[in-house]
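What follows is the content of start_33.csv (CSV, C-alpha atoms).
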```csv
chain,number,residue,atom,x,y,z
A,249,MET,CA,-13.5,-20.0,-131.9
A,250,LYS,CA,-13.1,-16.6,-133.6
A,251,PRO,CA,-10.1,-14.7,-132.2
A,252,ALA,CA,-10.8,-11.5,-130.4
A,253,SER,CA,-9.4,-8.3,-131.8
A,254,LEU,CA,-9.2,-4.7,-130.7
A,255,PRO,CA,-8.8,-1.7,-133.2
A,256,VAL,CA,-6.5,1.0,-131.9
A,257,GLU,CA,-5.4,4.3,-133.4
A,258,ILE,CA,-1.7,4.8,-133.7
A,259,ALA,CA,-0.1,7.9,-135.2
A,260,GLY,CA,-3.5,8.6,-136.9
A,261,HIS,CA,-3.7,5.1,-138.4
A,262,VAL,CA,-5.9,2.1,-137.4
A,263,LEU,CA,-4.1,-1.0,-136.3
A,264,VAL,CA,-6.1,-4.1,-135.2
A,265,LEU,CA,-4.5,-6.1,-132.4
A,266,SER,CA,-5.4,-9.8,-132.3
A,267,SER,CA,-5.6,-12.1,-129.4
A,268,LEU,CA,-3.6,-14.5,-131.5
A,269,ARG,CA,-0.6,-12.2,-130.9
A,270,ALA,CA,-0.6,-10.5,-134.3
A,271,ALA,CA,-1.5,-7.1,-135.7
A,272,PHE,CA,-3.4,-6.2,-138.9
A,273,ASP,CA,-3.6,-3.0,-140.9
A,274,PRO,CA,-7.0,-3.0,-142.6
A,275,SER,CA,-6.1,-0.2,-145.0
A,276,LEU,CA,-3.0,-1.9,-146.4
A,277,ARG,CA,-4.5,-5.4,-145.8
A,278,CYS,CA,-1.2,-6.3,-144.1
A,279,LEU,CA,-0.7,-8.8,-141.3
A,280,PHE,CA,2.2,-8.4,-139.0
A,281,ILE,CA,3.8,-11.3,-137.0
A,282,ALA,CA,6.8,-11.0,-134.7
A,283,ASP,CA,9.1,-13.7,-133.5
A,284,ALA,CA,7.5,-16.9,-134.8
A,285,HIS,CA,10.7,-18.9,-134.1
A,286,PHE,CA,9.5,-21.8,-136.3
A,287,GLY,CA,11.4,-25.0,-135.6
A,288,LYS,CA,12.5,-24.1,-132.1
A,289,ASP,CA,11.3,-27.4,-130.7
A,290,ALA,CA,13.3,-29.2,-133.4
A,291,VAL,CA,16.4,-27.2,-132.4
A,292,PHE,CA,16.0,-28.2,-128.8
A,293,ARG,CA,15.6,-31.9,-129.7
A,294,ALA,CA,18.7,-31.7,-132.1
A,295,ARG,CA,20.7,-30.3,-129.1
A,296,GLY,CA,19.6,-33.2,-126.8
A,297,VAL,CA,16.7,-31.5,-125.0
A,298,PRO,CA,13.6,-33.8,-125.1
A,299,VAL,CA,10.9,-31.3,-125.7
A,300,PRO,CA,7.5,-32.2,-127.2
A,301,VAL,CA,6.7,-32.0,-130.9
A,302,GLY,CA,3.9,-29.6,-132.0
A,303,SER,CA,4.8,-26.0,-131.8
A,304,THR,CA,5.2,-25.6,-135.5
A,305,ALA,CA,1.8,-27.1,-136.1
A,306,ASP,CA,0.2,-24.8,-133.5
A,307,ASN,CA,1.9,-21.7,-135.1
A,308,LEU,CA,0.7,-22.6,-138.5
A,309,MET,CA,-2.8,-23.4,-137.3
A,310,ARG,CA,-3.0,-19.9,-135.7
A,311,LEU,CA,-1.7,-18.3,-138.9
A,312,ASP,CA,-4.5,-20.1,-140.9
A,313,ILE,CA,-7.0,-18.6,-138.5
A,314,LEU,CA,-5.6,-15.1,-138.8
A,315,ILE,CA,-5.5,-15.4,-142.6
A,316,ALA,CA,-9.1,-16.6,-142.7
A,317,GLU,CA,-10.2,-13.8,-140.4
A,318,PHE,CA,-8.4,-10.8,-142.0
A,319,GLU,CA,-7.8,-12.0,-145.6
A,320,PRO,CA,-4.4,-10.2,-145.9
A,321,ALA,CA,-2.8,-9.4,-149.2
A,322,LEU,CA,0.6,-9.2,-147.5
A,323,LEU,CA,2.1,-11.1,-144.5
A,324,VAL,CA,5.2,-9.5,-142.9
A,325,PHE,CA,7.3,-11.4,-140.3
A,326,LEU,CA,9.1,-8.8,-138.1
A,327,GLY,CA,12.2,-11.0,-137.7
A,328,ASP,CA,13.1,-14.4,-136.3
A,329,LEU,CA,10.9,-16.5,-138.5
A,330,LEU,CA,13.2,-19.5,-137.9
A,331,HIS,CA,14.9,-20.2,-134.6
A,332,ALA,CA,18.3,-21.6,-135.6
A,333,ARG,CA,20.0,-23.6,-138.3
A,334,GLU,CA,18.6,-26.9,-137.0
A,335,ALA,CA,15.1,-25.5,-137.8
A,336,HIS,CA,15.8,-26.6,-141.4
A,337,ALA,CA,14.9,-30.1,-140.2
A,338,ASP,CA,12.6,-32.0,-142.6
A,339,GLU,CA,9.7,-32.0,-140.2
A,340,THR,CA,9.7,-28.2,-140.0
A,341,LEU,CA,10.3,-27.4,-143.7
A,342,ASP,CA,7.8,-30.0,-144.9
A,343,ALA,CA,5.1,-28.4,-142.7
A,344,LEU,CA,6.0,-24.9,-143.9
A,345,HIS,CA,5.8,-26.1,-147.6
A,346,VAL,CA,2.4,-27.6,-147.1
A,347,TRP,CA,1.2,-24.5,-145.4
A,348,ARG,CA,2.7,-22.3,-148.1
A,349,GLU,CA,0.8,-24.2,-150.8
A,350,ARG,CA,-2.5,-23.5,-149.0
A,351,HIS,CA,-1.7,-19.8,-149.3
A,352,ALA,CA,0.1,-19.7,-152.6
A,353,GLY,CA,-1.2,-16.3,-153.6
A,354,LEU,CA,-0.1,-14.5,-150.4
A,355,ARG,CA,2.9,-12.3,-150.6
A,356,ILE,CA,5.3,-12.9,-147.6
A,357,VAL,CA,8.0,-10.6,-146.5
A,358,LEU,CA,10.6,-11.3,-143.8
A,359,VAL,CA,12.3,-8.4,-142.1
A,360,GLU,CA,15.5,-10.2,-141.2
A,361,GLY,CA,16.2,-10.7,-137.5
A,362,ASN,CA,19.2,-11.9,-135.5
A,363,HIS,CA,17.9,-15.5,-135.5
A,364,ASP,CA,17.3,-15.5,-139.2
A,365,ARG,CA,20.9,-14.6,-139.9
A,366,HIS,CA,22.1,-17.6,-137.8
A,367,ALA,CA,19.5,-19.9,-139.2
A,368,GLY,CA,20.4,-19.3,-142.9
A,369,LEU,CA,18.1,-18.6,-145.8
A,370,LEU,CA,14.8,-20.4,-146.3
A,371,PRO,CA,14.4,-22.5,-149.4
A,372,ASP,CA,13.4,-20.5,-152.5
A,373,THR,CA,10.3,-22.7,-152.8
A,374,LEU,CA,8.7,-21.0,-149.8
A,375,ARG,CA,8.7,-17.7,-151.7
A,376,VAL,CA,9.6,-15.5,-148.8
A,377,GLU,CA,11.1,-12.1,-149.7
A,378,TYR,CA,14.0,-10.9,-147.4
A,379,VAL,CA,14.3,-7.2,-146.5
A,380,GLN,CA,16.4,-5.3,-144.1
A,381,GLU,CA,15.1,-3.1,-141.2
A,382,PRO,CA,13.6,-0.6,-141.3
A,383,TRP,CA,11.3,-1.5,-144.2
A,384,ARG,CA,8.8,1.2,-145.0
A,385,ILE,CA,5.2,0.6,-146.0
A,386,GLY,CA,2.4,3.1,-145.5
A,387,PRO,CA,2.9,4.9,-142.2
A,388,TRP,CA,5.0,2.0,-140.8
A,389,ALA,CA,8.7,1.3,-140.5
A,390,LEU,CA,8.9,-2.4,-140.0
A,391,CYS,CA,11.8,-3.6,-137.9
A,392,HIS,CA,13.0,-6.5,-135.8
A,393,HIS,CA,14.7,-4.4,-133.2
A,394,PRO,CA,12.7,-1.7,-131.5
A,395,GLN,CA,14.0,1.7,-132.7
A,396,THR,CA,13.0,5.2,-133.7
A,397,VAL,CA,12.6,5.9,-137.4
A,398,ASP,CA,12.2,9.5,-138.7
A,399,GLY,CA,8.9,10.1,-140.4
A,400,ALA,CA,7.3,6.8,-139.6
A,401,TYR,CA,5.9,4.7,-136.7
A,402,ALA,CA,8.1,1.7,-136.1
A,403,LEU,CA,6.6,-1.7,-135.5
A,404,ALA,CA,9.0,-4.3,-134.1
A,405,GLY,CA,9.5,-7.5,-132.1
A,406,HIS,CA,12.7,-9.1,-130.7
A,407,VAL,CA,12.1,-8.5,-127.0
A,408,HIS,CA,9.0,-10.8,-126.5
A,409,PRO,CA,7.2,-8.4,-124.2
A,410,VAL,CA,5.2,-9.6,-121.3
A,411,TYR,CA,3.5,-7.9,-118.4
A,412,ARG,CA,3.3,-9.1,-114.8
A,413,ILE,CA,-0.1,-9.0,-113.2
A,414,ALA,CA,0.1,-9.5,-109.4
A,415,THR,CA,-2.1,-10.0,-106.5
A,416,ARG,CA,-1.0,-10.1,-102.9
A,417,ASN,CA,-0.2,-13.8,-103.1
A,418,ASP,CA,0.3,-14.6,-106.7
A,419,SER,CA,1.4,-13.3,-110.1
A,420,VAL,CA,1.3,-14.2,-113.7
A,421,ARG,CA,3.2,-13.0,-116.8
A,422,VAL,CA,1.1,-12.5,-120.0
A,423,PRO,CA,2.1,-11.5,-123.5
A,424,CYS,CA,1.4,-7.9,-124.4
A,425,PHE,CA,1.6,-5.2,-127.1
A,426,ARG,CA,3.6,-2.2,-126.0
A,427,LEU,CA,2.8,0.9,-128.0
A,428,GLY,CA,4.9,4.0,-127.4
A,429,THR,CA,4.7,7.3,-129.1
A,430,GLN,CA,7.2,6.4,-131.9
A,431,CYS,CA,7.6,2.6,-131.7
A,432,GLY,CA,5.3,-0.3,-130.9
A,433,VAL,CA,6.5,-3.8,-130.0
A,434,LEU,CA,4.4,-6.9,-130.8
A,435,PRO,CA,4.3,-10.0,-128.5
A,436,ALA,CA,6.2,-13.1,-129.7
A,437,PHE,CA,3.9,-15.1,-132.0
A,438,GLY,CA,5.6,-18.5,-131.5
A,439,SER,CA,3.9,-20.8,-129.1
A,440,PHE,CA,7.3,-22.1,-127.8
A,441,THR,CA,8.8,-18.8,-126.8
A,442,GLY,CA,9.3,-17.2,-123.4
A,443,GLY,CA,8.8,-13.6,-122.4
A,444,ALA,CA,11.6,-11.1,-121.7
A,445,ARG,CA,10.6,-7.6,-120.9
A,446,GLU,CA,8.2,-7.5,-118.0
A,447,ASP,CA,8.7,-4.0,-116.4
A,448,GLY,CA,5.8,-1.7,-115.9
A,449,ARG,CA,4.7,1.0,-118.3
A,450,VAL,CA,7.4,3.2,-119.6
A,451,GLY,CA,6.5,6.9,-120.1
A,452,VAL,CA,3.3,7.3,-122.0
A,453,GLU,CA,3.3,3.9,-123.7
A,454,ARG,CA,0.0,2.0,-123.9
A,455,VAL,CA,0.1,-1.6,-122.9
A,456,PHE,CA,-2.4,-4.2,-124.3
A,457,LEU,CA,-2.6,-7.6,-122.7
A,458,VAL,CA,-3.4,-10.8,-124.4
A,459,ALA,CA,-5.1,-13.0,-121.8
A,460,GLN,CA,-8.1,-15.4,-121.8
A,461,GLU,CA,-8.4,-15.1,-125.6
A,462,LYS,CA,-9.0,-11.4,-125.3
A,463,VAL,CA,-7.1,-8.2,-125.9
A,464,PHE,CA,-7.5,-5.3,-123.4
A,465,GLU,CA,-5.7,-2.2,-122.4
A,466,VAL,CA,-4.0,-1.9,-119.0
A,467,PRO,CA,-5.8,1.2,-117.5
A,468,ARG,CA,-3.6,4.1,-116.5
```
Starting from the coordinates I provided, produce the structure as structure tokens.
Amino acid sequence: MKPASLPVEIAGHVLVLSSLRAAFDPSLRCLFIADAHFGKDAVFRARGVPVPVGSTADNLMRLDILIAEFEPALLVFLGDLLHAREAHADETLDALHVWRERHAGLRIVLVEGNHDRHAGLLPDTLRVEYVQEPWRIGPWALCHHPQTVDGAYALAGHVHPVYRIATRNDSVRVPCFRLGTQCGVLPAFGSFTGGAREDGRVGVERVFLVAQEKVFEVPR
């Protein structure tokens, strides 16, 4: 099934929000992914927690769908590409190498996040460029931690934003994009990640929910 997407205008520039929890700049042909946390399941198993195998395969499959849909020239991870040092397990790195060969011509940049520093460097054979935040490209300042950057609109991750939808008897937390006046935060891409921030709208920020394979804005 083709993922749903929603173009929005931010600081005078178009950004396409995908239901696969990613964003795409059509002018720069740049795909943005936050908090993939590859190998998190392997980390849990290495630490004695019996979680199922499969989150890395699911993440890579969704990346394949996004690349086929948008045909980016550049893929930027906004931090936390790997979860921890144990994510260097053969099962994770082998899957990443196979995926990388399918997209050998794609430039990949990693804005280093806190988990990346703990996990250690990826093998050179994966051909991932490391940069520090904020990394400027076009109108964007690409970061891991949400922040304000003079003269640019910051795109970040780190907080795994979710939004609570409630009825009188029930509630559910769904991933969301939170776009403020100077900084926007993407939902966590990783399929084996939780959600942290779930408070209501802050100030004039716009909130876009990812639910039922669609992206839609929370009305004011």
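As for atom CA of A:Glu339 and atom CA of A:Leu358, they are spaced 21.0 Å apart.
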So how many Å separate atom CA of A:Arg365 and atom CA of A:Val397, to one decimal? 22.3 Å
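The residue set within 12 Å of A:Thr373, counting only C-alpha atoms and dropping same-chain residues fewer than 2 places from it, reads Leu341, Asp342, Leu344, His345, Val346, Trp347, Arg348, Glu349, Ala352, Leu369, Leu370, Pro371, Arg375, Val376 and Glu377 of chain A.
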Given all atoms listed in the file as the basis, pick out the residue of A:Asp338, A:Glu381, A:Glu453, A:Glu360 nearest to A:Cys424. A:Glu453
Could you make a table, as JSON lines, of the residues of stretch 342-459 of chain A that have an atom within 9 Å of an atom of stretch 263-266 of chain A, each with its nearest atom pair and distance in Å to one decimal, counting only C-alpha atoms, in chain and number order?
```
{"residue": "A:Phe425", "atom": "CA", "partner": "A:Leu265", "partner_atom": "CA", "distance": 8.1}
{"residue": "A:Phe456", "atom": "CA", "partner": "A:Leu265", "partner_atom": "CA", "distance": 8.6}
{"residue": "A:Val458", "atom": "CA", "partner": "A:Ser266", "partner_atom": "CA", "distance": 8.2}
```
